[in-house]
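What follows is the content of target-v5.txt (compact mmCIF, C-alpha atoms).
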# COMPACT_ATOMS: atom_id res chain seq x y z
CA MET P 267 -29.54 4.46 44.24
CA PRO P 268 -29.65 5.16 40.45
CA ALA P 269 -26.62 4.12 38.41
CA ALA P 270 -24.17 6.84 37.43
CA SER P 271 -24.43 8.09 33.87
CA PRO P 272 -21.48 7.56 31.45
CA GLN P 273 -20.76 11.31 31.59
CA GLN P 274 -20.51 11.22 35.40
CA SER P 275 -18.17 8.22 35.25
CA VAL P 276 -15.83 10.03 32.85
CA ARG P 277 -15.75 13.12 35.06
CA LYS P 278 -14.94 11.03 38.14
CA SER P 279 -12.14 9.18 36.38
CA ARG P 280 -10.21 12.31 35.39
CA PRO P 281 -8.79 13.13 38.87
CA ALA P 282 -7.65 9.54 39.23
CA LYS P 283 -5.98 9.69 35.82
CA SER P 284 -4.21 12.94 36.73
CA LEU P 285 -2.94 11.43 39.98
CA CYS P 286 -1.59 8.43 38.09
CA LEU P 287 0.29 10.76 35.72
CA VAL P 288 1.84 12.59 38.66
CA LEU P 289 2.94 9.37 40.36
CA LEU P 290 4.30 8.03 37.07
CA SER P 291 6.26 11.23 36.50
CA LEU P 292 7.84 11.10 39.94
CA SER P 293 8.74 7.45 39.40
CA LEU P 294 10.38 8.26 36.08
CA LEU P 295 12.32 11.12 37.68
CA HIS P 296 13.81 8.61 40.13
CA THR P 297 14.62 5.93 37.59
CA GLY P 298 14.99 7.77 34.29
CA SER P 299 18.76 7.55 34.03
CA ALA P 300 18.75 3.79 34.59
CA GLY P 301 16.07 3.28 31.96
CA ALA P 302 17.84 5.51 29.45
CA ALA P 303 21.04 3.52 29.84
CA SER P 304 19.48 0.04 29.63
CA GLY P 305 19.87 -0.11 25.85
CA GLU P 306 23.65 0.15 26.19
CA GLU P 307 24.11 -2.24 29.11
CA THR P 308 25.96 -4.90 27.13
CA ARG P 309 28.37 -2.43 25.52
CA SER P 310 29.00 -0.64 28.82
CA HIS P 311 29.76 -3.95 30.54
CA LYS P 312 32.25 -4.83 27.82
CA LYS P 313 33.93 -1.41 28.05
CA SER P 314 34.17 -1.63 31.84
CA ARG P 315 36.45 -4.66 31.50
CA GLU P 316 38.89 -2.73 29.33
CA LYS P 317 41.71 -0.88 31.03
CA PRO P 318 41.21 2.88 30.50
CA PRO P 319 44.10 5.07 29.38
CA MET P 320 45.95 7.00 32.08
CA VAL P 321 46.27 10.77 32.10
CA THR P 322 49.29 12.20 33.88
CA ALA P 323 49.96 15.47 32.05
CA ASN P 324 49.27 18.79 33.75
CA LEU P 325 47.99 17.29 37.00
CA GLY P 326 50.77 18.73 39.14
CA GLY P 327 51.37 16.52 42.15
CA ALA P 328 48.08 14.67 41.80
CA ALA P 329 48.06 10.97 41.10
CA ALA P 330 47.24 9.78 37.59
CA VAL P 331 43.54 9.23 37.03
CA PRO P 332 41.68 7.24 34.33
CA ALA P 333 40.58 9.40 31.41
CA PRO P 334 36.81 9.13 30.74
CA ASP P 335 35.91 8.45 27.11
CA SER P 336 34.11 11.78 26.91
CA LEU P 337 37.32 13.69 27.67
CA VAL P 338 39.04 12.03 24.70
CA ARG P 339 36.12 12.65 22.36
CA LEU P 340 35.33 16.22 23.36
CA PRO P 341 38.21 18.62 22.72
CA ALA P 342 35.81 21.58 22.54
CA ALA P 343 32.95 22.60 24.79
CA LEU P 344 29.39 23.01 23.54
CA ALA P 345 27.78 26.42 24.08
CA PHE P 346 24.23 26.14 25.36
CA GLU P 347 21.28 28.01 26.80
CA LEU P 348 18.77 26.50 29.24
CA GLN P 349 16.06 27.79 31.53
CA ASP P 350 16.32 27.41 35.28
CA GLN P 351 13.51 26.42 37.65
CA TYR P 352 12.38 30.07 37.79
CA GLY P 353 11.90 30.27 34.02
CA ILE P 354 15.01 32.43 33.50
CA SER P 355 17.12 31.62 30.44
CA ARG P 356 20.80 31.25 31.28
CA SER P 357 23.53 30.85 28.69
CA CYS P 358 26.95 29.29 28.69
CA HIS P 359 28.95 30.67 25.76
CA PHE P 360 32.60 30.91 24.82
CA PRO P 361 34.97 32.66 25.00
CA ALA P 362 34.27 33.41 28.65
CA ASN P 363 36.02 35.49 31.29
CA LYS P 364 36.20 32.73 33.88
CA ILE P 365 36.89 29.03 34.08
CA ARG P 366 33.66 27.06 34.36
CA VAL P 367 32.87 23.91 36.26
CA VAL P 368 29.62 22.35 35.04
CA THR P 369 27.93 19.51 36.91
CA PHE P 370 25.32 17.15 35.46
CA ALA P 371 23.09 15.11 37.78
CA ASP P 372 19.91 13.06 37.65
CA HIS P 373 17.84 12.36 40.76
CA LYS P 374 20.28 9.73 42.03
CA GLY P 375 23.31 11.84 41.16
CA THR P 376 22.17 14.78 43.29
CA ALA P 377 23.60 12.90 46.27
CA HIS P 378 27.10 13.56 44.86
CA ILE P 379 26.74 17.30 44.24
CA GLU P 380 27.67 18.58 47.69
CA GLY P 381 30.80 16.42 47.91
CA TRP P 382 32.21 18.19 44.85
CA VAL P 383 30.67 21.66 44.97
CA ARG P 384 31.22 22.56 48.63
CA PRO P 385 35.02 22.06 48.48
CA LEU P 386 35.12 23.87 45.13
CA TYR P 387 33.26 26.89 46.43
CA LYS P 388 35.28 26.97 49.66
CA ARG P 389 38.60 26.91 47.77
CA TYR P 390 37.85 29.18 44.79
CA ARG P 391 34.82 31.33 45.70
CA GLU P 392 34.29 33.85 42.87
CA ARG P 393 37.43 32.91 40.96
CA ILE P 394 35.50 30.33 38.93
CA GLU P 395 31.91 29.81 37.85
CA ILE P 396 30.00 26.70 38.91
CA HIS P 397 26.88 25.68 36.99
CA GLY P 398 24.49 22.85 37.80
CA VAL P 399 22.48 21.07 35.09
CA ALA P 400 19.60 18.73 35.98
CA MET P 401 19.29 15.75 33.63
CA LEU P 402 15.53 15.54 33.04
CA SER P 403 15.00 14.01 29.60
CA ALA P 404 13.13 11.04 31.14
CA VAL P 405 10.41 13.30 32.56
CA PRO P 406 7.19 13.34 30.48
CA VAL P 407 6.20 16.69 28.98
CA LEU P 408 2.98 16.78 31.03
CA ALA P 409 4.98 16.48 34.25
CA ARG P 410 7.59 19.17 33.58
CA GLY P 411 5.69 21.87 35.44
CA LEU P 412 5.33 19.61 38.46
CA VAL P 413 9.01 18.64 38.49
CA SER P 414 10.12 22.24 37.99
CA GLY P 415 7.94 23.24 40.95
CA ILE P 416 9.49 20.54 43.13
CA ILE P 417 13.00 21.75 42.27
CA LYS P 418 11.98 25.36 42.91
CA ALA P 419 10.60 24.44 46.33
CA ARG P 420 13.69 22.48 47.36
CA VAL P 421 16.59 24.37 45.74
CA ALA P 422 17.12 28.13 46.07
CA HIS P 423 20.07 28.58 43.68
CA PRO P 424 19.48 28.38 39.91
CA VAL P 425 19.45 24.89 38.40
CA LEU P 426 19.57 24.61 34.61
CA LEU P 427 16.84 22.23 33.41
CA ASP P 428 17.85 20.00 30.47
CA TRP P 429 14.43 18.63 29.45
CA GLU P 430 15.48 17.54 25.96
CA GLY P 431 18.78 15.95 27.05
CA GLN P 432 20.86 17.40 24.21
CA VAL P 433 23.36 19.19 26.46
CA THR P 434 23.63 16.17 28.73
CA GLN P 435 24.15 13.85 25.77
CA TYR P 436 27.09 15.93 24.56
CA TYR P 437 28.92 16.18 27.88
CA ASN P 438 27.84 12.93 29.52
CA ARG P 439 27.68 10.29 26.81
CA GLU P 440 28.41 7.55 29.32
CA ARG P 441 25.05 8.40 31.01
CA ASP P 442 26.57 8.57 34.49
CA ASP P 443 24.18 9.75 37.20
CA PHE P 444 26.69 12.50 38.04
CA ARG P 445 29.42 14.11 35.94
CA LEU P 446 31.63 17.16 36.45
CA VAL P 447 33.36 18.95 33.57
CA VAL P 448 36.06 21.66 33.72
CA ILE P 449 36.06 24.13 30.81
CA ASP P 450 38.51 27.00 30.32
CA GLY P 451 37.57 30.44 29.04
CA ALA P 452 38.40 29.50 25.45
CA GLY P 453 35.98 26.59 25.52
CA HIS P 454 38.44 23.70 25.90
CA ILE P 455 37.51 20.77 28.13
CA HIS P 456 40.32 19.94 30.55
CA LEU P 457 38.80 17.41 32.93
CA SER P 458 35.72 15.18 33.12
CA LEU P 459 34.97 13.22 36.29
CA ALA P 460 32.05 10.99 37.25
CA GLY P 461 30.56 9.61 40.46
CA ALA P 462 31.10 10.51 44.10
CA ALA P 463 33.91 12.82 45.21
CA ASP P 464 36.94 11.26 46.85
CA LYS P 465 40.41 12.40 47.88
CA ASN P 466 42.08 11.49 44.57
CA GLY P 467 39.34 13.05 42.47
CA LEU P 468 39.38 16.31 44.41
CA GLN P 469 43.19 16.40 44.30
CA ALA P 470 43.17 16.03 40.51
CA LEU P 471 40.40 18.63 40.18
CA PHE P 472 42.20 21.19 42.35
CA ALA P 473 45.51 20.62 40.55
CA ARG P 474 43.90 21.21 37.19
CA LEU P 475 42.03 24.34 38.32
CA ASP P 476 45.10 25.77 40.05
CA ALA P 477 47.13 25.34 36.86
CA LEU P 478 44.43 26.91 34.70
CA LEU P 479 44.02 29.88 37.04
CA ALA P 480 47.78 30.45 37.19
CA ALA P 481 47.97 30.54 33.39
CA ALA P 482 44.78 32.56 32.81
CA PRO P 483 44.94 36.30 32.10
CA PRO P 484 43.23 38.66 34.59
CA PRO P 485 39.44 38.52 34.08
CA HIS P 486 37.71 41.45 32.39
CA ASP P 487 34.29 42.76 33.29
CA ARG P 488 31.80 39.94 33.19
CA ASP P 489 29.42 39.54 30.28
CA GLU P 490 25.90 40.28 31.48
CA ASN P 491 24.43 37.63 29.18
CA HIS P 492 26.08 34.53 30.63
CA ALA P 493 24.63 32.39 33.36
CA GLY P 494 26.72 33.23 36.39
CA THR P 495 27.20 30.74 39.24
CA SER P 496 24.24 28.42 39.60
CA HIS P 497 25.60 26.30 42.45
CA SER P 498 26.32 27.52 45.93
CA GLY P 499 28.67 25.83 48.34
CA ARG P 500 27.37 27.71 51.32
Please express the file's structure as structure tokens.
Amino acid sequence: MPAASPQQSVRKSRPAKSLCLVLLSLSLLHTGSAGAASGEETRSHKKSREKPPMVTANLGGAAAVPAPDSLVRLPAALAFELQDQYGISRSCHFPANKIRVVTFADHKGTAHIEGWVRPLYKRYRERIEIHGVAMLSAVPVLARGLVSGIIKARVAHPVLLDWEGQVTQYYNRERDDFRLVVIDGAGHIHLSLAGAADKNGLQALFARLDALLAAAPPPHDRDENHAGTSHSGR
């Protein structure tokens, strides 16, 4: 059998190269958050040994909970606009007519979403807005279409795709795999929680939302330009 020409060898290698890119992209999607945080491992370990300040104000009957660093550093929310997996641009601007709960999750953190969002939706329904942001800055540009397609096939409700990581960096500077932030209509951050939902976390979250809703004026007609709820608890 005659040997393959150099041109034939190049053509045959391209599918294999494409497959390698796909597999690499999926691997990075699984491990991106860990890799992004590796440069700060020493500092994070040092901070974890320090006793965090306690927040007791305005939590009603809920127990005091540690205040994440981001809550101390971020008195004001950041307005942003991101596309969802369907290519629709969705904005989150202030002032807003409703209190917003925004979740941030990487691939690992998606396991925590339901534990927070289902109780939220069951308790508040349309009284608040819930938005989900996917932390995707570790995904290579060439793989974004693939990853967006995977999310579209698996998730029906809109998910805001943060490819560049700028929104995530502002709200989740600790690089947790999951973070939840409560923002009032004026754009003030009132609560920032990380990790899996538990009884104390949900109690503190409900107490804060109940207090904000009791103090909020009746909502006006909704602005057609903002994102609307992008998580569903159903």
Coordinates-based distance that separates CA of Gly451 (chain P) from CA of Pro483 (chain P) (Å, one decimal):
9.9 Å
Proximity check region 424-472 of chain P to region 371-374 of chain P, 12 Å, nearest pairs one decimal Å, all atoms listed in the file, as JSON lines:
{"residue": "P:Val425", "atom": "CA", "partner": "P:Ala371", "partner_atom": "CA", "distance": 10.5}
{"residue": "P:Leu426", "atom": "CA", "partner": "P:Ala371", "partner_atom": "CA", "distance": 10.6}
{"residue": "P:Leu427", "atom": "CA", "partner": "P:Ala371", "partner_atom": "CA", "distance": 10.4}
{"residue": "P:Asp428", "atom": "CA", "partner": "P:Asp372", "partner_atom": "CA", "distance": 10.2}
{"residue": "P:Trp429", "atom": "CA", "partner": "P:Asp372", "partner_atom": "CA", "distance": 11.3}
{"residue": "P:Gly431", "atom": "CA", "partner": "P:Asp372", "partner_atom": "CA", "distance": 11.0}
{"residue": "P:Thr434", "atom": "CA", "partner": "P:Ala371", "partner_atom": "CA", "distance": 9.1}
{"residue": "P:Tyr437", "atom": "CA", "partner": "P:Ala371", "partner_atom": "CA", "distance": 11.5}
{"residue": "P:Asn438", "atom": "CA", "partner": "P:Ala371", "partner_atom": "CA", "distance": 9.8}
{"residue": "P:Arg441", "atom": "CA", "partner": "P:Asp372", "partner_atom": "CA", "distance": 9.6}
{"residue": "P:Asp442", "atom": "CA", "partner": "P:Ala371", "partner_atom": "CA", "distance": 8.1}
{"residue": "P:Asp443", "atom": "CA", "partner": "P:Asp372", "partner_atom": "CA", "distance": 5.4}
{"residue": "P:Phe444", "atom": "CA", "partner": "P:Ala371", "partner_atom": "CA", "distance": 4.5}
{"residue": "P:Arg445", "atom": "CA", "partner": "P:Ala371", "partner_atom": "CA", "distance": 6.7}
{"residue": "P:Leu446", "atom": "CA", "partner": "P:Ala371", "partner_atom": "CA", "distance": 8.9}
{"residue": "P:Val447", "atom": "CA", "partner": "P:Ala371", "partner_atom": "CA", "distance": 11.7}
{"residue": "P:Ala460", "atom": "CA", "partner": "P:Ala371", "partner_atom": "CA", "distance": 9.9}
{"residue": "P:Gly461", "atom": "CA", "partner": "P:Ala371", "partner_atom": "CA", "distance": 9.7}
{"residue": "P:Ala462", "atom": "CA", "partner": "P:Lys374", "partner_atom": "CA", "distance": 11.0}
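Nearest-residue note for Ala404 (chain P): choosing from P:Lys418, P:His454, P:Leu479, P:Glu430, the minimum distance belongs to P:Glu430, counting all atoms listed in the file.
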Spatial neighbours of region 384-386 of chain P, 12 Å, only C-alpha atoms, chain gap at least 3 places, as an NGL selection string
:P and (366-369 or 378-381 or 389-397 or 446 or 448 or 463-465 or 467-469 or 471-473 or 475-476 or 497-500)
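As for CA of Arg356 (chain P) and CA of Ala470 (chain P), they are spaced 28.6 Å apart.
CA of Val405 (chain P) lies 18.3 Å from CA of Val421 (chain P).
Counting all atoms listed in the file and comparing P:Ala480, P:Leu459, P:Met401, P:Ala362, the residue that lies closest to Val433 (chain P) is P:Met401.
Nearest residue to Ile354 (chain P), choosing from P:Pro424, P:Ala481, P:Leu408, P:Phe370 and counting only C-alpha atoms: P:Pro424.
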